[in-house]
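Participant: Contents of work-v4.txt (compact mmCIF, C-alpha atoms and all ligand atoms) are below:
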```
# COMPACT_ATOMS: atom_id res chain seq x y z
CA MET D 1 -15.85 73.40 2.24
CA GLU D 2 -12.63 72.04 3.69
CA ILE D 3 -9.20 71.78 2.12
CA ILE D 4 -7.49 68.48 2.89
CA ARG D 5 -3.83 67.89 2.13
CA THR D 6 -3.08 64.37 3.33
CA ILE D 7 -4.55 60.92 2.82
CA ARG D 8 -4.58 60.40 6.59
CA ASP D 9 -6.77 63.52 7.09
CA LEU D 10 -8.98 62.38 4.26
CA ASP D 11 -9.46 59.00 5.96
CA GLU D 12 -10.42 60.68 9.24
CA LYS D 13 -12.90 63.00 7.56
CA LEU D 14 -14.51 60.22 5.54
CA ALA D 15 -14.64 57.59 8.32
CA ASN D 16 -18.11 58.61 9.50
CA ALA D 17 -19.48 58.96 6.00
CA ARG D 18 -18.28 55.43 5.24
CA LEU D 19 -19.82 54.06 8.47
CA ASN D 20 -23.12 55.72 7.60
CA LYS D 21 -22.92 54.29 4.07
CA GLU D 22 -23.07 57.77 2.58
CA LYS D 23 -22.36 57.96 -1.15
CA ILE D 24 -19.06 59.58 -2.04
CA GLY D 25 -18.51 61.26 -5.40
CA LEU D 26 -15.01 62.14 -6.64
CA VAL D 27 -14.16 64.67 -9.33
CA PRO D 28 -10.46 64.23 -10.17
CA THR D 29 -8.92 67.43 -11.60
CA MET D 30 -5.58 69.12 -12.11
CA GLY D 31 -7.08 72.46 -11.04
CA ALA D 32 -7.44 75.52 -13.30
CA LEU D 33 -11.12 74.81 -13.02
CA HIS D 34 -13.66 76.02 -15.57
CA ALA D 35 -17.34 75.53 -16.35
CA GLY D 36 -16.62 72.00 -17.65
CA HIS D 37 -15.33 70.96 -14.22
CA ALA D 38 -18.25 72.80 -12.61
CA SER D 39 -20.67 70.59 -14.55
CA LEU D 40 -18.94 67.47 -13.17
CA VAL D 41 -19.07 68.84 -9.63
CA ARG D 42 -22.77 69.72 -9.97
CA ARG D 43 -23.55 66.22 -11.17
CA SER D 44 -21.59 64.66 -8.32
CA ILE D 45 -23.43 66.83 -5.78
CA GLU D 46 -26.77 65.76 -7.29
CA GLU D 47 -25.90 62.06 -7.15
CA ASN D 48 -23.94 61.71 -3.88
CA ASN D 49 -23.99 62.75 -0.21
CA ILE D 50 -20.40 63.93 -0.27
CA THR D 51 -18.41 65.43 -3.13
CA ILE D 52 -14.62 65.55 -3.10
CA VAL D 53 -12.69 67.38 -5.79
CA SER D 54 -9.03 66.47 -6.09
CA ASP D 55 -6.82 69.31 -7.32
CA PHE D 56 -3.41 67.92 -8.17
CA VAL D 57 -1.16 68.61 -11.14
CA ASN D 58 0.13 65.08 -11.57
CA PRO D 59 3.77 65.17 -12.72
CA THR D 60 3.88 61.54 -13.90
CA GLN D 61 1.41 62.12 -16.73
CA PHE D 62 3.45 64.91 -18.37
CA ASN D 63 5.90 63.57 -20.92
CA ASP D 64 6.99 67.15 -21.66
CA LYS D 65 8.65 69.05 -18.78
CA ASN D 66 7.82 72.41 -20.35
CA ASP D 67 4.15 71.47 -20.47
CA LEU D 68 4.21 70.64 -16.75
CA LEU D 69 6.03 73.88 -15.98
CA HIS D 70 3.48 76.01 -17.83
CA TYR D 71 0.36 74.15 -16.73
CA PRO D 72 -1.99 76.81 -15.25
CA ARG D 73 -2.28 76.78 -11.44
CA THR D 74 -5.13 78.78 -9.94
CA PHE D 75 -5.81 77.18 -6.56
CA GLU D 76 -7.44 80.21 -4.92
CA SER D 77 -9.98 80.81 -7.65
CA ASP D 78 -10.55 77.03 -7.89
CA CYS D 79 -11.52 77.06 -4.20
CA SER D 80 -13.90 80.01 -4.62
CA LEU D 81 -15.66 78.24 -7.47
CA LEU D 82 -15.91 74.95 -5.53
CA GLU D 83 -17.20 76.74 -2.44
CA LYS D 84 -19.92 78.39 -4.55
CA LEU D 85 -20.85 75.09 -6.16
CA GLY D 86 -21.16 73.40 -2.76
CA ALA D 87 -18.38 70.78 -2.90
CA ASN D 88 -17.62 69.33 0.54
CA TYR D 89 -13.86 68.79 0.28
CA VAL D 90 -10.95 69.79 -1.93
CA PHE D 91 -8.13 67.27 -1.78
CA TYR D 92 -4.96 69.27 -2.47
CA PRO D 93 -1.99 67.01 -1.78
CA SER D 94 1.71 67.68 -2.36
CA VAL D 95 3.70 65.63 -4.85
CA SER D 96 5.47 63.83 -1.97
CA GLU D 97 2.10 62.96 -0.40
CA MET D 98 0.98 61.20 -3.59
CA TYR D 99 4.41 59.86 -4.52
CA PRO D 100 6.40 59.18 -1.31
CA GLU D 101 8.33 56.71 -3.47
CA PRO D 102 8.66 56.77 -7.28
CA ASP D 103 5.68 54.93 -8.72
CA THR D 104 7.12 52.07 -10.77
CA ARG D 105 3.79 50.48 -11.65
CA ALA D 106 3.26 49.93 -15.37
CA PHE D 107 -0.21 49.87 -16.87
CA ASN D 108 -0.59 48.43 -20.34
CA TYR D 109 -4.03 48.39 -21.92
CA PRO D 110 -3.63 48.15 -25.68
CA PRO D 111 -5.18 49.22 -27.92
CA VAL D 112 -6.98 51.90 -25.87
CA ASP D 113 -3.80 53.32 -24.32
CA THR D 114 -1.51 52.94 -27.34
CA VAL D 115 -3.41 54.74 -30.11
CA MET D 116 -3.79 58.53 -30.57
CA GLU D 117 -2.71 60.29 -27.33
CA GLY D 118 -0.98 57.07 -26.27
CA ALA D 119 1.17 57.16 -29.41
CA GLN D 120 1.84 60.92 -29.29
CA ARG D 121 2.49 61.20 -25.55
CA PRO D 122 4.39 58.10 -24.44
CA GLY D 123 3.85 57.40 -20.74
CA HIS D 124 0.93 59.82 -20.45
CA PHE D 125 -1.76 57.23 -19.76
CA ASN D 126 0.57 55.30 -17.47
CA GLY D 127 0.82 58.44 -15.33
CA VAL D 128 -2.96 58.96 -15.50
CA CYS D 129 -3.53 55.37 -14.33
CA GLN D 130 -0.97 55.80 -11.54
CA ILE D 131 -2.62 58.87 -10.07
CA VAL D 132 -6.25 57.90 -10.69
CA SER D 133 -5.73 54.45 -9.11
CA LYS D 134 -4.05 56.11 -6.09
CA LEU D 135 -6.99 58.50 -5.75
CA PHE D 136 -9.49 55.63 -6.04
CA TYR D 137 -7.62 53.57 -3.39
CA ALA D 138 -7.31 56.57 -1.04
CA ILE D 139 -10.84 57.98 -1.40
CA LYS D 140 -12.83 54.86 -2.30
CA PRO D 141 -15.51 56.85 -4.10
CA ASP D 142 -18.78 55.26 -5.19
CA LYS D 143 -18.72 57.30 -8.39
CA ALA D 144 -16.04 59.27 -10.22
CA TYR D 145 -16.76 61.92 -12.85
CA PHE D 146 -14.74 62.62 -16.00
CA GLY D 147 -15.35 64.95 -18.94
CA GLU D 148 -15.77 63.49 -22.44
CA LYS D 149 -13.36 66.04 -23.90
CA ASP D 150 -10.73 63.54 -22.79
CA PHE D 151 -12.55 60.74 -24.56
CA GLN D 152 -9.59 58.38 -24.65
CA GLN D 153 -8.77 59.00 -20.98
CA ILE D 154 -12.22 57.75 -19.98
CA ALA D 155 -11.77 54.61 -22.11
CA VAL D 156 -8.39 53.90 -20.47
CA ILE D 157 -9.72 54.49 -16.95
CA LYS D 158 -12.68 52.16 -17.58
CA VAL D 159 -10.32 49.38 -18.67
CA MET D 160 -8.07 49.99 -15.64
CA VAL D 161 -10.96 49.90 -13.18
CA ASN D 162 -12.14 46.65 -14.73
CA ASP D 163 -8.62 45.19 -14.66
CA LEU D 164 -7.92 46.14 -11.02
CA LYS D 165 -11.49 45.38 -9.93
CA ILE D 166 -11.83 48.79 -8.27
CA PRO D 167 -15.46 49.15 -7.11
CA VAL D 168 -16.18 52.59 -8.55
CA GLN D 169 -18.68 53.68 -11.19
CA ILE D 170 -17.07 55.79 -13.92
CA CYS D 171 -19.47 58.54 -15.00
CA SER D 172 -18.64 60.22 -18.29
CA CYS D 173 -20.09 63.69 -18.72
CA PRO D 174 -20.68 65.65 -21.96
CA ILE D 175 -18.16 68.20 -23.24
CA VAL D 176 -18.98 71.74 -22.15
CA ARG D 177 -18.34 74.32 -24.88
CA GLU D 178 -17.94 78.10 -25.09
CA PRO D 179 -20.90 79.80 -26.84
CA ASP D 180 -18.88 79.77 -30.10
CA GLY D 181 -18.22 76.01 -29.78
CA LEU D 182 -14.65 75.82 -28.43
CA ALA D 183 -14.40 72.90 -25.99
CA LEU D 184 -13.61 74.17 -22.49
CA SER D 185 -10.11 73.26 -21.37
CA SER D 186 -7.71 74.49 -18.72
CA ARG D 187 -5.24 74.96 -21.58
CA ASN D 188 -7.50 77.61 -23.19
CA ALA D 189 -6.12 80.00 -20.56
CA LEU D 190 -2.77 79.75 -22.37
CA LEU D 191 -4.20 81.07 -25.66
CA SER D 192 -3.59 84.67 -26.76
CA GLU D 193 -6.62 86.59 -28.01
CA GLU D 194 -5.64 85.91 -31.60
CA GLU D 195 -5.12 82.19 -30.92
CA ARG D 196 -8.45 82.04 -29.12
CA HIS D 197 -10.15 83.30 -32.31
CA LEU D 198 -8.31 80.73 -34.40
CA ALA D 199 -9.12 77.85 -32.04
CA VAL D 200 -12.84 78.09 -32.74
CA HIS D 201 -12.25 76.60 -36.21
CA ILE D 202 -11.50 73.24 -34.59
CA SER D 203 -15.02 72.69 -33.22
CA LYS D 204 -16.62 74.50 -36.20
CA THR D 205 -14.95 72.06 -38.59
CA LEU D 206 -15.84 69.05 -36.44
CA PHE D 207 -19.52 70.08 -36.37
CA ALA D 208 -19.52 70.72 -40.14
CA SER D 209 -17.97 67.27 -40.64
CA GLN D 210 -21.04 65.59 -39.12
CA ASP D 211 -23.02 66.79 -42.16
CA TYR D 212 -20.19 66.10 -44.57
CA ALA D 213 -19.99 62.52 -43.27
CA LYS D 214 -23.58 61.85 -44.37
CA SER D 215 -22.51 61.81 -48.03
CA HIS D 216 -18.81 60.93 -47.80
CA THR D 217 -16.66 58.00 -46.75
CA VAL D 218 -14.68 57.81 -43.50
CA ALA D 219 -11.42 58.51 -45.36
CA GLU D 220 -12.94 61.53 -47.17
CA THR D 221 -14.33 62.91 -43.91
CA GLN D 222 -10.99 62.52 -42.20
CA LYS D 223 -9.24 64.36 -45.04
CA TYR D 224 -11.90 67.09 -45.01
CA VAL D 225 -11.33 67.81 -41.31
CA VAL D 226 -7.53 67.81 -41.53
CA ASN D 227 -7.38 69.93 -44.70
CA THR D 228 -9.98 72.44 -43.51
CA ILE D 229 -8.24 73.06 -40.18
CA ASN D 230 -4.73 73.12 -41.65
CA LYS D 231 -5.79 75.89 -44.05
CA TYR D 232 -5.80 78.31 -41.10
CA ASN D 233 -2.41 79.85 -40.57
CA GLY D 234 -1.54 79.02 -36.94
CA LEU D 235 -3.46 75.73 -36.70
CA LYS D 236 -1.76 72.37 -37.33
CA VAL D 237 -3.55 69.08 -36.89
CA GLN D 238 -1.39 66.51 -35.09
CA TYR D 239 -3.88 63.71 -35.73
CA TYR D 240 -7.51 63.22 -36.60
CA GLU D 241 -8.67 59.65 -36.11
CA ILE D 242 -12.17 58.34 -36.72
CA VAL D 243 -12.47 55.41 -34.33
CA ASP D 244 -14.71 52.81 -32.79
CA GLY D 245 -16.04 54.45 -29.59
CA ASP D 246 -15.21 51.38 -27.47
CA ASN D 247 -11.85 49.97 -28.56
CA LEU D 248 -10.63 53.22 -30.19
CA LEU D 249 -9.35 51.43 -33.29
CA SER D 250 -9.72 53.29 -36.59
CA VAL D 251 -12.77 52.41 -38.65
CA ASN D 252 -12.83 52.30 -42.45
CA ASP D 253 -16.57 52.24 -42.97
CA TRP D 254 -19.48 54.01 -41.26
CA ASN D 255 -21.21 50.61 -40.87
CA GLU D 256 -18.27 49.05 -39.08
CA SER D 257 -19.41 49.98 -35.57
CA LYS D 258 -22.46 51.20 -33.64
CA SER D 259 -20.37 53.88 -31.95
CA ILE D 260 -18.05 56.09 -34.02
CA VAL D 261 -16.14 59.10 -32.71
CA GLY D 262 -13.66 61.48 -34.33
CA CYS D 263 -10.78 62.48 -32.04
CA ILE D 264 -8.53 65.43 -32.85
CA THR D 265 -5.43 67.12 -31.54
CA VAL D 266 -4.40 70.48 -32.93
CA PHE D 267 -1.41 72.71 -32.26
CA CYS D 268 -2.61 76.30 -31.99
CA GLY D 269 -0.42 79.38 -32.28
CA LYS D 270 3.31 79.98 -31.95
CA THR D 271 3.99 78.51 -28.48
CA PRO D 272 2.05 76.28 -29.49
CA VAL D 273 -0.90 75.27 -27.28
CA ARG D 274 -2.01 71.67 -27.82
CA LEU D 275 -5.82 71.45 -27.94
CA ILE D 276 -7.96 68.32 -28.09
CA ASP D 277 -11.59 67.80 -29.00
CA ASN D 278 -13.86 65.08 -30.35
CA ILE D 279 -17.14 64.62 -32.13
CA ARG D 280 -19.60 61.75 -32.29
CA TYR D 281 -20.77 60.52 -35.71
CA LYS D 282 -22.85 57.60 -34.36
O1 LIG D 301 -8.18 64.93 -16.78
C1 LIG D 301 -7.40 65.37 -15.90
O2 LIG D 301 -7.47 66.52 -15.47
C2 LIG D 301 -6.31 64.45 -15.37
O3 LIG D 301 -5.80 63.63 -16.38
C3 LIG D 301 -6.76 63.62 -14.15
C4 LIG D 301 -7.85 62.65 -14.52
C5 LIG D 301 -7.24 64.54 -13.06
C6 LIG D 301 -5.57 62.81 -13.62
O4 LIG D 301 -4.53 63.64 -13.23
```
I'd like the structure from this file rewritten - as structure tokens, please.

Facilitator:
Amino acid sequence: MEIIRTIRDLDEKLANARLNKEKIGLVPTMGALHAGHASLVRRSIEENNITIVSDFVNPTQFNDKNDLLHYPRTFESDCSLLEKLGANYVFYPSVSEMYPEPDTRAFNYPPVDTVMEGAQRPGHFNGVCQIVSKLFYAIKPDKAYFGEKDFQQIAVIKVMVNDLKIPVQICSCPIVREPDGLALSSRNALLSEEERHLAVHISKTLFASQDYAKSHTVAETQKYVVNTINKYNGLKVQYYEIVDGDNLLSVNDWNESKSIVGCITVFCGKTPVRLIDNIRYK
């Protein structure tokens, strides 16, 4: 496995692969890799000739400087994991490589980028679109792999790719969970032992709500999830929205759409750590 730091080196390395029409898979990450990322890398290796993992903590998608400062960075262990998995390249650029000039592009894709995370983290999806479009233009992958834990991110990226006519297939991959149900996230590394125990009630409540939903309305189910989680001292729901799985607008009735997903953000612990998760009802 090779570590590549510049777009020029990347171009040189990929020139032959492109000539030979080899399939290129990209797994965009911000590092701090875990088993969720590993599942994306495995799938890319299965489906492509070459797998590139980008490892770049993208400053433009952080609307909170403290969050950026504390984001876990574990490049050496990331590389060991990727080597074991059999990735071909890690793209590990500097901030000035990706942003030689400030990126002034504005992406606006309402409603998918304005609801939920879009409302709570202004500018977040704009930054995600900036970096992901740069990666797509630089690497020109045939397929790119994203985890469904960031359900809204996938929806935004799909709209962007369609808008910019970028010829890449977006592959969304199921959430990977700890044995007790907690969705894997790089942010879990920031949880104390006590917070880690508390955090499990997020997924537990979401799973229980699938049953609850069978005999209750959307509004009742939403209330059930929020009230159940908020009962735990140290957990505070920021939002729980039950939405149409395509346009991400809130639904009022279980018959309103063929695809219905509940998306949650919870503050956990004193710091606090902001955790997200989601569950499919239909
Ligand atoms: O999901 C992430 O880790 C990031 O938002 C992404 C897609 C790598 C862009 O920085």

Participant: Quick one: residues within 12 Å of Glu76 (chain D), all atoms listed in the file counted, chain neighbours fewer than 5 positions away excluded, as a short mmCIF file (atom, residue, chain, number, x, y, z; two decimals) with C-alpha atoms, in the frame of the given file?

Facilitator:
```
data_model
loop_
_atom_site.label_atom_id
_atom_site.label_comp_id
_atom_site.auth_asym_id
_atom_site.auth_seq_id
_atom_site.Cartn_x
_atom_site.Cartn_y
_atom_site.Cartn_z
CA ILE D 3 -9.20 71.78 2.12
CA GLY D 31 -7.08 72.46 -11.04
CA ALA D 32 -7.44 75.52 -13.30
CA LEU D 33 -11.12 74.81 -13.02
CA ASP D 55 -6.82 69.31 -7.32
CA LEU D 81 -15.66 78.24 -7.47
CA LEU D 82 -15.91 74.95 -5.53
CA GLU D 83 -17.20 76.74 -2.44
CA VAL D 90 -10.95 69.79 -1.93
CA TYR D 92 -4.96 69.27 -2.47
#
```

Participant: Using only C-alpha atoms and all ligand atoms, determine which residues fall within 6 Å of ligand LIG 301 (chain D), then list them as a PyMOL selection string.

Facilitator: chain D and resi 28-30+58+128+132

Participant: Name all residues at most 12 Å from Arg43 (chain D) (count only C-alpha atoms; drop same-chain ones fewer than 2 positions away) and give them as number ranges by chain.

Facilitator: D: 25-27, 36-41, 45-51, 85-87, 143-147, 171-174

Participant: Take the selection from the previous step and output its residues with C-alpha atoms, as a compact mmCIF listing (two decimals), in the frame of the given file.

Facilitator:
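Printed below is part.txt as written:
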```txt
# COMPACT_ATOMS: atom_id res chain seq x y z
CA GLY D 25 -18.51 61.26 -5.40
CA LEU D 26 -15.01 62.14 -6.64
CA VAL D 27 -14.16 64.67 -9.33
CA GLY D 36 -16.62 72.00 -17.65
CA HIS D 37 -15.33 70.96 -14.22
CA ALA D 38 -18.25 72.80 -12.61
CA SER D 39 -20.67 70.59 -14.55
CA LEU D 40 -18.94 67.47 -13.17
CA VAL D 41 -19.07 68.84 -9.63
CA ILE D 45 -23.43 66.83 -5.78
CA GLU D 46 -26.77 65.76 -7.29
CA GLU D 47 -25.90 62.06 -7.15
CA ASN D 48 -23.94 61.71 -3.88
CA ASN D 49 -23.99 62.75 -0.21
CA ILE D 50 -20.40 63.93 -0.27
CA THR D 51 -18.41 65.43 -3.13
CA LEU D 85 -20.85 75.09 -6.16
CA GLY D 86 -21.16 73.40 -2.76
CA ALA D 87 -18.38 70.78 -2.90
CA LYS D 143 -18.72 57.30 -8.39
CA ALA D 144 -16.04 59.27 -10.22
CA TYR D 145 -16.76 61.92 -12.85
CA PHE D 146 -14.74 62.62 -16.00
CA GLY D 147 -15.35 64.95 -18.94
CA CYS D 171 -19.47 58.54 -15.00
CA SER D 172 -18.64 60.22 -18.29
CA CYS D 173 -20.09 63.69 -18.72
CA PRO D 174 -20.68 65.65 -21.96
```

Participant: For a quick check of understanding, using all atoms listed in the file, which of D:Ala199, D:Leu184, D:Ala155, D:Cys268 has the smallest distance to Tyr109 (chain D)?

Facilitator: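 Nearest to Tyr109 (chain D): D:Ala155.
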
Participant: My list of candidates is D:Tyr239, D:Phe151, D:Tyr99, D:Tyr281. Which is closest to Val225 (chain D) when distances are computed with all atoms listed in the file?

Facilitator: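 Of D:Tyr239, D:Phe151, D:Tyr99, D:Tyr281, the one nearest Val225 (chain D), counting all atoms listed in the file, is D:Tyr239.
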
Participant: Nearest to Ala106 (chain D) among D:Lys149, D:Phe56, D:Lys13, D:Met160, with distances taken over all atoms listed in the file: which residue is it?

Facilitator: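 Result for the nearest residue to Ala106 (chain D): D:Met160.
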
Participant: With all atoms listed in the file as the counted atoms, please give the residues lying no more than 10 Å from Ala189 (chain D), apart from itself and same-chain residues fewer than 4 positions off, as an MDAnalysis selection string.

Facilitator: chainID D and resid 32 34 71:72 184:185 193 196 273

Participant: Taking only C-alpha atoms into account, which of D:Thr228, D:Gln130, D:Thr271, D:Gln120 comes nearest Leu190 (chain D)?

Facilitator: D:Thr271

Participant: Report, in Å with one decimal, the straight-line distance from CA of Ser96 (chain D) to CA of Tyr137 (chain D).

Facilitator: 16.7 Å

Participant: Box for region 147-160 of chain D - axis-aligned, 3 Å on each of the six sides, all listed atoms - centre and size in Å to one decimal, as JSON.

Facilitator:
```
{"center_x": -11.9, "center_y": 57.7, "center_z": -20.1, "size_x": 13.7, "size_y": 22.7, "size_z": 15.0}
```

Participant: For His197 (chain D), find every residue with an atom within 10 Å (counting all atoms listed in the file), except residues of its own chain fewer than 5 positions away, and show them as a PyMOL selection string.

Facilitator: chain D and resi 180+182+191-192

Participant: As JSON, numbers by chain, please: the residues near Ile7 (chain D) (cut-off 10 Å, only C-alpha atoms, same-chain neighbours under 4 positions excluded).

Facilitator: {"D": [11, 12, 13, 91, 92, 93, 97, 98, 135, 138, 139]}

Participant: For Glu220 (chain D), which of D:Phe62, D:Tyr89, D:Trp254, D:Phe207 is the closest residue, counting only C-alpha atoms?

Facilitator: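 Closest to Glu220 (chain D) of all the choices is D:Trp254.
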
Participant: Do you have the CA of Pro100 (chain D)-CA of Leu68 (chain D) distance handy?

Facilitator: 19.4 Å

Participant: Using all atoms listed in the file, which residue out of D:Asn255, D:Asn88, D:Gln153, D:Asn126 lies closest to Val218 (chain D)?

Facilitator: D:Asn255

Participant: Save region 60-72 of chain D of the structure in the block above to a file, with N, CA, C and O atoms included, as an mmCIF file, in the first residue's frame.

Facilitator:
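File written: part.cif
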```
data_model
loop_
_atom_site.group_PDB
_atom_site.id
_atom_site.type_symbol
_atom_site.label_atom_id
_atom_site.label_comp_id
_atom_site.auth_asym_id
_atom_site.auth_seq_id
_atom_site.Cartn_x
_atom_site.Cartn_y
_atom_site.Cartn_z
ATOM 1 N N THR D 60 -13.283 22.589 6.174
ATOM 2 C CA THR D 60 -14.429 23.432 5.764
ATOM 3 C C THR D 60 -15.783 22.853 6.180
ATOM 4 O O THR D 60 -16.789 23.533 6.070
ATOM 5 N N GLN D 61 -15.805 21.594 6.637
ATOM 6 C CA GLN D 61 -17.109 21.047 7.034
ATOM 7 C C GLN D 61 -17.367 21.145 8.540
ATOM 8 O O GLN D 61 -18.387 20.699 9.025
ATOM 9 N N PHE D 62 -16.393 21.732 9.270
ATOM 10 C CA PHE D 62 -16.570 21.902 10.724
ATOM 11 C C PHE D 62 -17.062 23.316 10.991
ATOM 12 O O PHE D 62 -16.343 24.281 10.718
ATOM 13 N N ASN D 63 -18.269 23.440 11.525
ATOM 14 C CA ASN D 63 -18.750 24.783 11.850
ATOM 15 C C ASN D 63 -18.360 25.147 13.279
ATOM 16 O O ASN D 63 -18.586 26.262 13.711
ATOM 17 N N ASP D 64 -17.717 24.180 13.981
ATOM 18 C CA ASP D 64 -17.316 24.425 15.363
ATOM 19 C C ASP D 64 -15.802 24.145 15.457
ATOM 20 O O ASP D 64 -15.354 23.014 15.273
ATOM 21 N N LYS D 65 -15.036 25.209 15.730
ATOM 22 C CA LYS D 65 -13.562 25.096 15.739
ATOM 23 C C LYS D 65 -13.072 24.070 16.759
ATOM 24 O O LYS D 65 -12.095 23.360 16.530
ATOM 25 N N ASN D 66 -13.767 24.015 17.901
ATOM 26 C CA ASN D 66 -13.396 23.076 18.958
ATOM 27 C C ASN D 66 -13.531 21.632 18.487
ATOM 28 O O ASN D 66 -12.730 20.767 18.828
ATOM 29 N N ASP D 67 -14.605 21.403 17.724
ATOM 30 C CA ASP D 67 -14.880 20.072 17.184
ATOM 31 C C ASP D 67 -13.723 19.658 16.259
ATOM 32 O O ASP D 67 -13.204 18.536 16.345
ATOM 33 N N LEU D 68 -13.294 20.577 15.420
ATOM 34 C CA LEU D 68 -12.179 20.305 14.493
ATOM 35 C C LEU D 68 -10.901 20.020 15.286
ATOM 36 O O LEU D 68 -10.156 19.075 14.989
ATOM 37 N N LEU D 69 -10.676 20.814 16.312
ATOM 38 C CA LEU D 69 -9.473 20.683 17.129
ATOM 39 C C LEU D 69 -9.406 19.314 17.803
ATOM 40 O O LEU D 69 -8.353 18.702 17.907
ATOM 41 N N HIS D 70 -10.567 18.832 18.272
ATOM 42 C CA HIS D 70 -10.583 17.580 19.031
ATOM 43 C C HIS D 70 -10.867 16.358 18.172
ATOM 44 O O HIS D 70 -10.946 15.248 18.687
ATOM 45 N N TYR D 71 -11.046 16.554 16.868
ATOM 46 C CA TYR D 71 -11.371 15.392 16.030
ATOM 47 C C TYR D 71 -10.211 14.392 16.100
ATOM 48 O O TYR D 71 -9.048 14.776 15.950
ATOM 49 N N PRO D 72 -10.506 13.096 16.364
ATOM 50 C CA PRO D 72 -9.396 12.137 16.554
ATOM 51 C C PRO D 72 -8.552 11.954 15.289
ATOM 52 O O PRO D 72 -9.096 11.893 14.191
#
```
